[in-house]
>>> print(open('my_file_15.txt').read())   # compact mmCIF, C-alpha atoms
# COMPACT_ATOMS: atom_id res chain seq x y z
CA MET A 1 -20.69 38.66 131.66
CA GLU A 2 -18.40 41.65 131.94
CA SER A 3 -17.17 41.31 128.41
CA ARG A 4 -20.65 42.00 127.14
CA LYS A 5 -20.77 45.34 128.90
CA ASN A 6 -17.55 46.77 127.57
CA PRO A 7 -15.98 44.79 124.73
CA SER A 8 -13.16 47.26 124.01
CA GLU A 9 -12.04 47.14 127.63
CA THR A 10 -12.06 43.33 127.48
CA LEU A 11 -9.95 43.42 124.32
CA ASP A 12 -7.44 45.74 126.02
CA GLU A 13 -7.27 43.36 128.95
CA ILE A 14 -6.61 40.39 126.63
CA ARG A 15 -3.87 42.31 124.84
CA SER A 16 -2.23 43.26 128.12
CA LEU A 17 -2.40 39.68 129.43
CA MET A 18 -0.86 38.29 126.26
CA GLU A 19 1.93 40.87 126.43
CA ARG A 20 2.53 40.48 130.17
CA SER A 21 2.55 36.69 130.03
CA SER A 22 4.83 36.31 127.02
CA ARG A 23 7.33 39.18 127.24
CA PHE A 24 9.56 40.45 130.00
CA ILE A 25 8.46 44.09 129.95
CA SER A 26 10.15 45.23 133.15
CA LEU A 27 13.45 46.02 131.45
CA SER A 28 14.24 49.57 132.53
CA GLY A 29 15.57 52.27 130.23
CA LEU A 30 17.63 53.56 133.15
CA SER A 31 19.70 50.37 133.14
CA GLY A 32 20.60 51.11 129.50
CA ILE A 33 21.70 54.63 130.43
CA ALA A 34 23.76 53.31 133.36
CA ALA A 35 25.44 50.64 131.19
CA GLY A 36 26.29 53.31 128.62
CA LEU A 37 27.80 55.59 131.26
CA PHE A 38 29.96 52.81 132.70
CA ALA A 39 31.15 51.91 129.18
CA ILE A 40 32.16 55.52 128.54
CA ILE A 41 33.97 55.83 131.90
CA GLY A 42 35.74 52.53 131.21
CA ALA A 43 36.84 53.73 127.77
CA ALA A 44 37.96 57.09 129.18
CA LEU A 45 40.18 55.23 131.68
CA VAL A 46 41.77 53.36 128.76
CA TYR A 47 42.54 56.62 126.96
CA ILE A 48 44.07 58.08 130.11
CA TYR A 49 46.05 54.91 130.79
CA LEU A 50 47.46 54.87 127.26
CA ASP A 51 47.89 58.67 127.01
CA MET A 52 45.85 58.69 123.84
CA ILE A 53 42.98 60.72 122.45
CA PRO A 54 39.95 59.43 120.49
CA PHE A 55 40.28 59.17 116.70
CA ASP A 56 44.04 59.44 116.90
CA GLY A 57 44.26 56.64 114.35
CA LYS A 58 48.04 56.86 114.00
CA ARG A 59 48.87 54.60 116.93
CA LEU A 60 47.54 51.17 117.72
CA TYR A 61 46.15 50.42 121.17
CA TYR A 62 47.72 47.02 121.49
CA VAL A 63 51.13 48.35 120.46
CA GLU A 64 50.85 51.23 122.94
CA ALA A 65 49.47 49.01 125.70
CA ILE A 66 52.40 46.62 125.94
CA HIS A 67 54.80 49.40 126.97
CA SER A 68 52.52 51.13 129.43
CA THR A 69 53.14 50.82 133.17
CA LYS A 70 51.03 53.76 134.35
CA TRP A 71 49.59 53.63 137.90
CA GLY A 72 52.03 50.77 138.62
CA MET A 73 49.99 48.30 136.55
CA ASN A 74 50.93 46.39 133.45
CA TYR A 75 48.36 46.43 130.68
CA ILE A 76 46.86 43.01 131.47
CA THR A 77 46.08 43.95 135.08
CA PHE A 78 44.72 47.30 133.97
CA PHE A 79 42.45 45.90 131.26
CA LEU A 80 41.13 43.16 133.51
CA LEU A 81 40.31 45.65 136.27
CA ASP A 82 38.72 47.99 133.73
CA VAL A 83 36.52 45.23 132.27
CA VAL A 84 35.50 44.01 135.74
CA PHE A 85 34.66 47.60 136.73
CA ILE A 86 32.44 48.10 133.64
CA LEU A 87 30.70 44.73 133.94
CA ILE A 88 29.98 44.98 137.68
CA GLY A 89 28.80 48.57 137.31
CA ALA A 90 26.55 47.92 134.32
CA ILE A 91 25.10 44.62 135.57
CA SER A 92 24.38 45.77 139.12
CA CYS A 93 22.72 48.98 137.87
CA GLY A 94 20.74 46.90 135.35
CA ILE A 95 19.51 44.53 138.06
CA PHE A 96 18.70 47.42 140.42
CA PHE A 97 16.62 49.47 137.96
CA THR A 98 14.91 46.44 136.43
CA THR A 99 13.95 45.03 139.84
CA ARG A 100 12.52 48.42 140.75
CA LYS A 101 10.45 48.56 137.57
CA ALA A 102 9.28 44.95 137.99
CA LYS A 103 8.03 45.73 141.48
CA ARG A 104 6.04 48.68 140.16
CA LYS A 105 4.63 46.64 137.29
CA GLY A 106 3.82 43.67 139.49
CA GLN A 107 5.94 41.37 137.32
CA GLN A 108 8.27 38.71 138.72
CA ILE A 109 11.98 39.44 138.26
CA TRP A 110 13.08 35.79 138.13
CA ASP A 111 10.52 33.63 136.35
CA ALA A 112 10.07 31.71 133.11
CA LEU A 113 9.98 34.96 131.13
CA SER A 114 13.20 36.53 132.37
CA GLN A 115 14.95 33.16 132.16
CA ARG A 116 13.85 32.71 128.56
CA LEU A 117 15.01 36.25 127.78
CA LEU A 118 18.46 35.60 129.26
CA VAL A 119 18.87 32.22 127.52
CA ASN A 120 18.07 33.77 124.15
CA LEU A 121 20.34 36.73 124.82
CA PHE A 122 23.22 34.54 125.89
CA ILE A 123 23.23 32.04 123.01
CA PRO A 124 24.62 34.54 120.46
CA LEU A 125 26.52 36.39 123.20
CA VAL A 126 28.46 33.36 124.46
CA THR A 127 29.07 32.26 120.86
CA GLY A 128 30.51 35.70 120.14
CA GLY A 129 32.58 35.63 123.32
CA ILE A 130 34.20 32.31 122.40
CA PHE A 131 34.67 33.52 118.82
CA CYS A 132 36.52 36.57 120.18
CA LEU A 133 38.72 34.37 122.36
CA GLY A 134 39.65 32.55 119.15
CA LEU A 135 40.49 35.84 117.40
CA PHE A 136 42.55 36.85 120.42
CA TYR A 137 44.36 33.51 120.40
CA HIS A 138 45.33 33.95 116.75
CA GLY A 139 46.35 37.57 117.27
CA PHE A 140 43.57 39.23 115.25
CA PHE A 141 43.19 42.03 117.80
CA GLY A 142 41.87 44.50 115.26
CA LEU A 143 38.81 42.33 114.60
CA LEU A 144 37.71 42.21 118.24
CA ALA A 145 35.66 45.42 118.26
CA PRO A 146 33.66 44.70 115.07
CA THR A 147 33.04 41.10 116.18
CA THR A 148 31.82 41.99 119.69
CA LEU A 149 29.42 44.59 118.26
CA VAL A 150 28.02 42.27 115.58
CA PHE A 151 27.42 39.39 118.02
CA TYR A 152 25.99 41.75 120.65
CA GLY A 153 23.62 43.14 118.01
CA LEU A 154 22.53 39.63 116.99
CA ALA A 155 21.99 38.76 120.66
CA LEU A 156 19.73 41.81 121.08
CA VAL A 157 17.73 41.02 117.93
CA ASN A 158 17.24 37.46 119.19
CA ALA A 159 16.29 38.56 122.71
CA SER A 160 13.87 41.22 121.45
CA LYS A 161 11.25 38.53 120.85
CA TYR A 162 10.99 38.09 124.60
CA THR A 163 11.11 41.67 125.85
CA LEU A 164 10.33 45.22 124.72
CA LYS A 165 10.34 45.34 120.91
CA ASP A 166 12.51 48.48 120.85
CA ILE A 167 15.54 46.35 121.70
CA ARG A 168 15.39 44.99 118.17
CA HIS A 169 16.27 48.37 116.66
CA LEU A 170 19.15 48.82 119.09
CA GLY A 171 20.34 45.41 117.86
CA TYR A 172 20.17 46.53 114.21
CA CYS A 173 22.22 49.64 115.06
CA GLU A 174 24.89 47.56 116.83
CA ILE A 175 25.13 45.14 113.89
CA ALA A 176 25.39 48.00 111.36
CA LEU A 177 28.05 49.75 113.44
CA GLY A 178 29.99 46.51 113.85
CA LEU A 179 29.93 45.77 110.12
CA LEU A 180 30.91 49.33 109.26
CA SER A 181 33.85 49.24 111.67
CA LEU A 182 35.03 46.02 110.03
CA PHE A 183 35.98 48.14 107.00
CA PHE A 184 37.59 50.92 109.05
CA LEU A 185 39.86 48.99 111.37
CA GLY A 186 41.95 50.89 113.89
CA TYR A 187 39.08 52.70 115.59
CA GLY A 188 38.09 49.83 117.85
CA LEU A 189 37.82 51.79 121.07
CA GLU A 190 35.92 54.61 119.36
CA VAL A 191 33.27 52.27 117.92
CA TRP A 192 33.04 50.53 121.29
CA VAL A 193 32.28 53.90 122.89
CA ILE A 194 29.64 54.59 120.23
CA GLY A 195 28.11 51.08 120.34
CA PHE A 196 28.19 50.27 124.04
CA GLY A 197 28.21 53.83 125.39
CA ILE A 198 26.34 56.31 123.24
CA LEU A 199 23.80 53.92 121.66
CA HIS A 200 22.92 52.50 125.09
CA ILE A 201 22.36 55.98 126.48
CA ILE A 202 20.24 57.04 123.49
CA TYR A 203 18.10 53.88 123.57
CA GLY A 204 17.88 53.85 127.35
CA SER A 205 16.62 57.44 127.31
CA LEU A 206 14.12 56.71 124.52
CA MET A 207 12.73 53.71 126.40
CA TYR A 208 12.60 55.58 129.67
CA TRP A 209 10.79 58.42 127.90
CA LYS A 210 8.36 56.01 126.24
CA TYR A 211 7.49 53.60 129.07
CA GLU A 212 8.52 54.96 132.45
CA ARG A 213 8.13 58.72 132.45
CA ALA A 214 5.30 59.42 134.85
CA MET B 1 -26.56 42.40 117.28
CA LYS B 2 -28.34 39.40 118.75
CA LYS B 3 -26.22 37.08 116.67
CA ILE B 4 -22.93 38.48 117.98
CA LEU B 5 -24.07 38.07 121.56
CA ASP B 6 -25.06 34.47 120.80
CA ILE B 7 -21.59 33.77 119.48
CA LEU B 8 -20.00 35.33 122.56
CA GLU B 9 -22.07 33.07 124.77
CA SER B 10 -21.65 29.92 122.69
CA THR B 11 -17.86 29.90 123.05
CA LYS B 12 -18.16 29.63 126.86
CA LEU B 13 -15.48 32.30 127.02
CA ASP B 14 -17.88 35.02 128.11
CA ASN B 15 -16.11 35.10 131.44
CA ARG B 16 -13.17 37.22 132.52
CA VAL B 17 -11.16 34.43 134.14
CA ARG B 18 -11.64 31.87 131.36
CA LEU B 19 -10.81 34.45 128.69
CA GLY B 20 -7.75 35.42 130.72
CA ILE B 21 -6.54 31.81 130.93
CA MET B 22 -7.01 31.38 127.20
CA SER B 23 -5.16 34.67 126.44
CA ILE B 24 -2.12 33.40 128.33
CA LEU B 25 -2.24 29.92 126.79
CA MET B 26 -2.54 31.37 123.26
CA VAL B 27 0.92 32.97 123.44
CA ASN B 28 2.70 30.42 125.66
CA ASP B 29 3.51 26.76 125.25
CA TRP B 30 2.65 24.57 128.27
CA VAL B 31 1.99 26.92 131.19
CA GLU B 32 2.21 25.82 134.84
CA PHE B 33 -0.73 26.15 137.19
CA LYS B 34 1.35 28.37 139.46
CA ARG B 35 2.22 30.77 136.66
CA LEU B 36 -1.44 31.09 135.62
CA LYS B 37 -2.34 31.75 139.23
CA GLU B 38 0.30 34.46 139.65
CA THR B 39 -0.40 36.20 136.35
CA LEU B 40 -4.16 36.26 136.83
CA GLU B 41 -3.95 36.85 140.61
CA LEU B 42 -6.52 34.20 141.48
CA SER B 43 -7.04 31.70 144.29
CA ASP B 44 -6.31 28.01 143.68
CA GLY B 45 -9.97 27.05 143.86
CA ASN B 46 -11.23 29.78 141.57
CA LEU B 47 -8.62 29.02 138.91
CA ALA B 48 -9.17 25.26 139.17
CA SER B 49 -12.92 25.53 138.67
CA HIS B 50 -12.51 27.60 135.52
CA LEU B 51 -9.82 25.27 134.21
CA LYS B 52 -12.27 22.43 134.68
CA VAL B 53 -14.81 24.16 132.44
CA LEU B 54 -12.19 24.72 129.74
CA GLU B 55 -11.11 21.09 130.05
CA LYS B 56 -14.69 19.91 129.65
CA GLU B 57 -15.02 21.99 126.47
CA LYS B 58 -11.76 20.35 125.25
CA TYR B 59 -10.18 23.79 124.86
CA ILE B 60 -7.12 22.85 126.87
CA ALA B 61 -4.84 19.83 127.19
CA ILE B 62 -3.45 18.90 130.58
CA SER B 63 -0.19 17.27 131.46
CA LYS B 64 0.83 16.05 134.90
CA GLN B 65 4.44 15.23 135.68
CA PHE B 66 6.69 14.95 138.66
CA VAL B 67 9.46 17.51 138.96
CA GLY B 68 11.63 15.96 141.61
CA ARG B 69 9.03 14.86 144.14
CA LYS B 70 6.49 17.56 143.46
CA PRO B 71 3.62 17.03 141.04
CA GLN B 72 3.42 19.71 138.40
CA THR B 73 0.39 20.38 136.22
CA THR B 74 0.81 22.24 132.95
CA TYR B 75 -1.75 23.36 130.40
CA GLN B 76 -1.73 23.88 126.65
CA VAL B 77 -4.38 25.23 124.31
CA THR B 78 -5.91 22.73 121.84
CA ASP B 79 -6.84 23.45 118.22
CA LEU B 80 -10.47 23.55 119.28
CA GLY B 81 -9.62 26.08 121.98
CA ARG B 82 -7.63 28.20 119.53
CA THR B 83 -10.59 28.33 117.16
CA ALA B 84 -13.02 29.18 119.97
CA PHE B 85 -10.73 31.96 121.22
CA GLU B 86 -10.42 33.45 117.75
CA THR B 87 -14.18 33.24 117.20
CA HIS B 88 -14.75 34.98 120.51
CA LEU B 89 -12.22 37.71 119.75
CA ASN B 90 -13.70 38.34 116.30
CA ALA B 91 -17.14 38.66 117.87
CA LEU B 92 -15.79 41.14 120.44
CA GLU B 93 -14.16 43.18 117.70
CA ALA B 94 -17.37 43.16 115.69
CA LEU B 95 -19.17 44.42 118.77
CA VAL B 96 -16.68 47.27 119.25
CA LYS B 97 -17.05 48.22 115.59
CA ARG B 98 -20.83 48.12 115.83
CA LYS B 99 -20.78 50.39 118.88
CA LYS B 100 -18.52 52.90 117.16
CA GLU B 101 -20.84 53.06 114.17
CA ASN B 102 -23.83 53.68 116.39
CA PHE B 103 -22.29 56.69 118.10
>>> encode(input="my_file_15.txt", output="structure tokens")
Amino acid sequence: MESRKNPSETLDEIRSLMERSSRFISLSGLSGIAAGLFAIIGAALVYIYLDMIPFDGKRLYYVEAIHSTKWGMNYITFFLLDVVFILIGAISCGIFFTTRKAKRKGQQIWDALSQRLLVNLFIPLVTGGIFCLGLFYHGFFGLLAPTTLVFYGLALVNASKYTLKDIRHLGYCEIALGLLSLFFLGYGLEVWVIGFGILHIIYGSLMYWKYERA
Amino acid sequence: MKKILDILESTKLDNRVRLGIMSILMVNDWVEFKRLKETLELSDGNLASHLKVLEKEKYIAISKQFVGRKPQTTYQVTDLGRTAFETHLNALEALVKRKKENF
């Protein structure tokens, strides 16, 4: 009989239930900021390792890399360590901040919703990953940066149906950046910094500002 | 005014729990009992009794399977339930509009 007393409150409750039961809304903006920071630190390490500066388009990373033995590491060891550092940093911060937000929101961290979100994120992401391995295999190193950004953007657009809608716009930005960089090859690391670093920080801040500031 | 209230009552959804169940089923395909219980924060008995009402009205379809050795019951909204939910929501919205005009 409650609905008869205050219909607008009932409608709000229905809206909230529909949202809460169909989308994973505990994704924290702070995890975006953290991922962006780790990406920028990771990229900075690459510049230091290769003794290069951003937008110095005259030299190619993969030509430079082969000769580098800085810090007693060959380039394969260095890049692997760098990638592992970025991934572990970004993922653990993401899990930490999202778990914290889920607890506050009373949402489960590992349930049908988060699983569905991850499955839909990973379909384009794994496809892109294998596609990049193929490019790598054939020696198309210059195409790696545009391809990762485009597939990451598509993954975000796809996943946005199951989480905060704002992710969709981040996806559009990543796709646009990836396509643009396809026509300006040779700035792979720079567009990676923009796409995975700066865009993540901007979107993470916007989402934190919009949903969590309190 | 009277007519809107009649509609609200006729759908049998003039109840917080039943409306809550329907809201979840409207946006999800086949939902487990456990998930309904957790989302709505209800006891087993309370949820079951309201599900029974919805089942009697033919608003929801029920499926029972075994996952491993455990029985699992899942629910889905029927076309009849979808229509009833929409009717109820339209009536609620009409009521909100009416109230705004009066003030």
>>> interface_residues(input="my_file_15.txt", of="chain A", to="chain B", cutoff="10 Å", atoms="all atoms listed in the file", output="list in words")
Met1, Glu2, Ser3, Arg4, Asn6, Pro7, Ser8, Glu9, Thr10, Leu11, Glu13, Ile14, Arg15, Ser16, Leu17, Met18, Glu19, Arg20, Ser21, Ser22, Arg23, Gly106, Gln107, Gln108, Asp111 and Ala112 of chain A
>>> atom_distance(input="my_file_15.txt", atom1="CA of Glu174 in chain A", atom2="CA of Leu133 in chain A")
19.9 Å
>>> closest_residue(input="my_file_15.txt", among="B:Leu54, B:Val17, B:Ile7, B:Ala61", to="Val77 in chain B", atoms="only C-alpha atoms")
B:Ala61
>>> atom_distance(input="my_file_15.txt", atom1="CA of Gly171 in chain A", atom2="CA of Ser205 in chain A")
15.7 Å
>>> atom_distance(input="my_file_15.txt", atom1="CA of Gly204 in chain A", atom2="CA of Leu37 in chain A")
10.8 Å
>>> residues_near_point(input="my_file_15.txt", point="(16.1, 50.3, 134.2)", cutoff="10 Å", atoms="all atoms listed in the file", output="list in words")
Ser26, Leu27, Ser28, Gly29, Leu30, Ser31, Gly32, Ile33, Ala34, Ala35, Cys93, Gly94, Ile95, Phe96, Phe97, Thr98, Thr99, Arg100, Lys101, Ala102, Gly204, Ser205, Met207, Tyr208 and Glu212 of chain A
>>> write_last_selection(input="my_file_15.txt", atoms="C-alpha atoms", output="compact mmCIF listing (two decimals), keeping the file's coordinate frame")
# COMPACT_ATOMS: atom_id res chain seq x y z
CA SER A 26 10.15 45.23 133.15
CA LEU A 27 13.45 46.02 131.45
CA SER A 28 14.24 49.57 132.53
CA GLY A 29 15.57 52.27 130.23
CA LEU A 30 17.63 53.56 133.15
CA SER A 31 19.70 50.37 133.14
CA GLY A 32 20.60 51.11 129.50
CA ILE A 33 21.70 54.63 130.43
CA ALA A 34 23.76 53.31 133.36
CA ALA A 35 25.44 50.64 131.19
CA CYS A 93 22.72 48.98 137.87
CA GLY A 94 20.74 46.90 135.35
CA ILE A 95 19.51 44.53 138.06
CA PHE A 96 18.70 47.42 140.42
CA PHE A 97 16.62 49.47 137.96
CA THR A 98 14.91 46.44 136.43
CA THR A 99 13.95 45.03 139.84
CA ARG A 100 12.52 48.42 140.75
CA LYS A 101 10.45 48.56 137.57
CA ALA A 102 9.28 44.95 137.99
CA GLY A 204 17.88 53.85 127.35
CA SER A 205 16.62 57.44 127.31
CA MET A 207 12.73 53.71 126.40
CA TYR A 208 12.60 55.58 129.67
CA GLU A 212 8.52 54.96 132.45
>>> closest_residue(input="my_file_15.txt", among="A:Gly129, A:Leu177, A:Asn158, A:Leu50", to="Val191 in chain A", atoms="all atoms listed in the file")
A:Leu177
>>> build_atoms(input="my_file_15.txt", residues="range 165-191 of chain A", atoms="N, CA and C atoms", output="PDB file, keeping the file's coordinate frame")
ATOM      1  N   LYS A 165       9.969  45.482 122.319  1.00  0.00           N
ATOM      2  CA  LYS A 165      10.340  45.340 120.910  1.00  0.00           C
ATOM      3  C   LYS A 165      11.434  46.320 120.496  1.00  0.00           C
ATOM      4  N   ASP A 166      11.533  47.432 121.210  1.00  0.00           N
ATOM      5  CA  ASP A 166      12.510  48.480 120.850  1.00  0.00           C
ATOM      6  C   ASP A 166      13.943  47.967 120.817  1.00  0.00           C
ATOM      7  N   ILE A 167      14.193  46.926 121.627  1.00  0.00           N
ATOM      8  CA  ILE A 167      15.540  46.350 121.700  1.00  0.00           C
ATOM      9  C   ILE A 167      16.013  45.874 120.332  1.00  0.00           C
ATOM     10  N   ARG A 168      15.052  45.475 119.499  1.00  0.00           N
ATOM     11  CA  ARG A 168      15.390  44.990 118.170  1.00  0.00           C
ATOM     12  C   ARG A 168      16.128  46.054 117.353  1.00  0.00           C
ATOM     13  N   HIS A 169      15.647  47.292 117.437  1.00  0.00           N
ATOM     14  CA  HIS A 169      16.270  48.370 116.660  1.00  0.00           C
ATOM     15  C   HIS A 169      17.657  48.710 117.191  1.00  0.00           C
ATOM     16  N   LEU A 170      17.814  48.634 118.504  1.00  0.00           N
ATOM     17  CA  LEU A 170      19.150  48.820 119.090  1.00  0.00           C
ATOM     18  C   LEU A 170      20.081  47.744 118.523  1.00  0.00           C
ATOM     19  N   GLY A 171      19.568  46.509 118.420  1.00  0.00           N
ATOM     20  CA  GLY A 171      20.340  45.410 117.860  1.00  0.00           C
ATOM     21  C   GLY A 171      20.773  45.698 116.424  1.00  0.00           C
ATOM     22  N   TYR A 172      19.828  46.182 115.596  1.00  0.00           N
ATOM     23  CA  TYR A 172      20.170  46.530 114.210  1.00  0.00           C
ATOM     24  C   TYR A 172      21.291  47.562 114.172  1.00  0.00           C
ATOM     25  N   CYS A 173      21.199  48.581 115.043  1.00  0.00           N
ATOM     26  CA  CYS A 173      22.220  49.640 115.060  1.00  0.00           C
ATOM     27  C   CYS A 173      23.588  49.064 115.415  1.00  0.00           C
ATOM     28  N   GLU A 174      23.610  48.159 116.418  1.00  0.00           N
ATOM     29  CA  GLU A 174      24.890  47.560 116.830  1.00  0.00           C
ATOM     30  C   GLU A 174      25.484  46.732 115.699  1.00  0.00           C
ATOM     31  N   ILE A 175      24.642  45.969 115.006  1.00  0.00           N
ATOM     32  CA  ILE A 175      25.130  45.140 113.890  1.00  0.00           C
ATOM     33  C   ILE A 175      25.700  46.041 112.787  1.00  0.00           C
ATOM     34  N   ALA A 176      24.945  47.091 112.424  1.00  0.00           N
ATOM     35  CA  ALA A 176      25.390  48.000 111.360  1.00  0.00           C
ATOM     36  C   ALA A 176      26.717  48.648 111.734  1.00  0.00           C
ATOM     37  N   LEU A 177      26.813  49.110 112.975  1.00  0.00           N
ATOM     38  CA  LEU A 177      28.050  49.750 113.440  1.00  0.00           C
ATOM     39  C   LEU A 177      29.218  48.766 113.402  1.00  0.00           C
ATOM     40  N   GLY A 178      28.955  47.532 113.846  1.00  0.00           N
ATOM     41  CA  GLY A 178      29.990  46.510 113.850  1.00  0.00           C
ATOM     42  C   GLY A 178      30.493  46.209 112.447  1.00  0.00           C
ATOM     43  N   LEU A 179      29.549  46.073 111.494  1.00  0.00           N
ATOM     44  CA  LEU A 179      29.930  45.770 110.120  1.00  0.00           C
ATOM     45  C   LEU A 179      30.696  46.926 109.493  1.00  0.00           C
ATOM     46  N   LEU A 180      30.238  48.136 109.789  1.00  0.00           N
ATOM     47  CA  LEU A 180      30.910  49.330 109.260  1.00  0.00           C
ATOM     48  C   LEU A 180      32.347  49.386 109.766  1.00  0.00           C
ATOM     49  N   SER A 181      32.520  49.121 111.072  1.00  0.00           N
ATOM     50  CA  SER A 181      33.850  49.240 111.670  1.00  0.00           C
ATOM     51  C   SER A 181      34.799  48.160 111.147  1.00  0.00           C
ATOM     52  N   LEU A 182      34.214  47.088 110.596  1.00  0.00           N
ATOM     53  CA  LEU A 182      35.030  46.020 110.030  1.00  0.00           C
ATOM     54  C   LEU A 182      35.833  46.547 108.835  1.00  0.00           C
ATOM     55  N   PHE A 183      35.297  47.581 108.171  1.00  0.00           N
ATOM     56  CA  PHE A 183      35.980  48.140 107.000  1.00  0.00           C
ATOM     57  C   PHE A 183      36.833  49.353 107.344  1.00  0.00           C
ATOM     58  N   PHE A 184      36.753  49.798 108.599  1.00  0.00           N
ATOM     59  CA  PHE A 184      37.590  50.920 109.050  1.00  0.00           C
ATOM     60  C   PHE A 184      38.312  50.497 110.323  1.00  0.00           C
ATOM     61  N   LEU A 185      39.172  49.502 110.192  1.00  0.00           N
ATOM     62  CA  LEU A 185      39.860  48.990 111.370  1.00  0.00           C
ATOM     63  C   LEU A 185      40.776  50.061 111.960  1.00  0.00           C
ATOM     64  N   GLY A 186      41.057  49.937 113.247  1.00  0.00           N
ATOM     65  CA  GLY A 186      41.950  50.890 113.890  1.00  0.00           C
ATOM     66  C   GLY A 186      41.205  51.882 114.766  1.00  0.00           C
ATOM     67  N   TYR A 187      39.864  51.820 114.728  1.00  0.00           N
ATOM     68  CA  TYR A 187      39.080  52.700 115.590  1.00  0.00           C
ATOM     69  C   TYR A 187      38.252  51.877 116.583  1.00  0.00           C
ATOM     70  N   GLY A 188      38.823  50.766 117.004  1.00  0.00           N
ATOM     71  CA  GLY A 188      38.090  49.830 117.850  1.00  0.00           C
ATOM     72  C   GLY A 188      37.494  50.463 119.088  1.00  0.00           C
ATOM     73  N   LEU A 189      38.303  51.216 119.817  1.00  0.00           N
ATOM     74  CA  LEU A 189      37.820  51.790 121.070  1.00  0.00           C
ATOM     75  C   LEU A 189      36.738  52.844 120.806  1.00  0.00           C
ATOM     76  N   GLU A 190      36.917  53.591 119.704  1.00  0.00           N
ATOM     77  CA  GLU A 190      35.920  54.610 119.360  1.00  0.00           C
ATOM     78  C   GLU A 190      34.562  53.964 119.054  1.00  0.00           C
ATOM     79  N   VAL A 191      34.571  52.884 118.250  1.00  0.00           N
ATOM     80  CA  VAL A 191      33.270  52.270 117.920  1.00  0.00           C
ATOM     81  C   VAL A 191      32.687  51.567 119.158  1.00  0.00           C
TER      82      VAL A 191
END
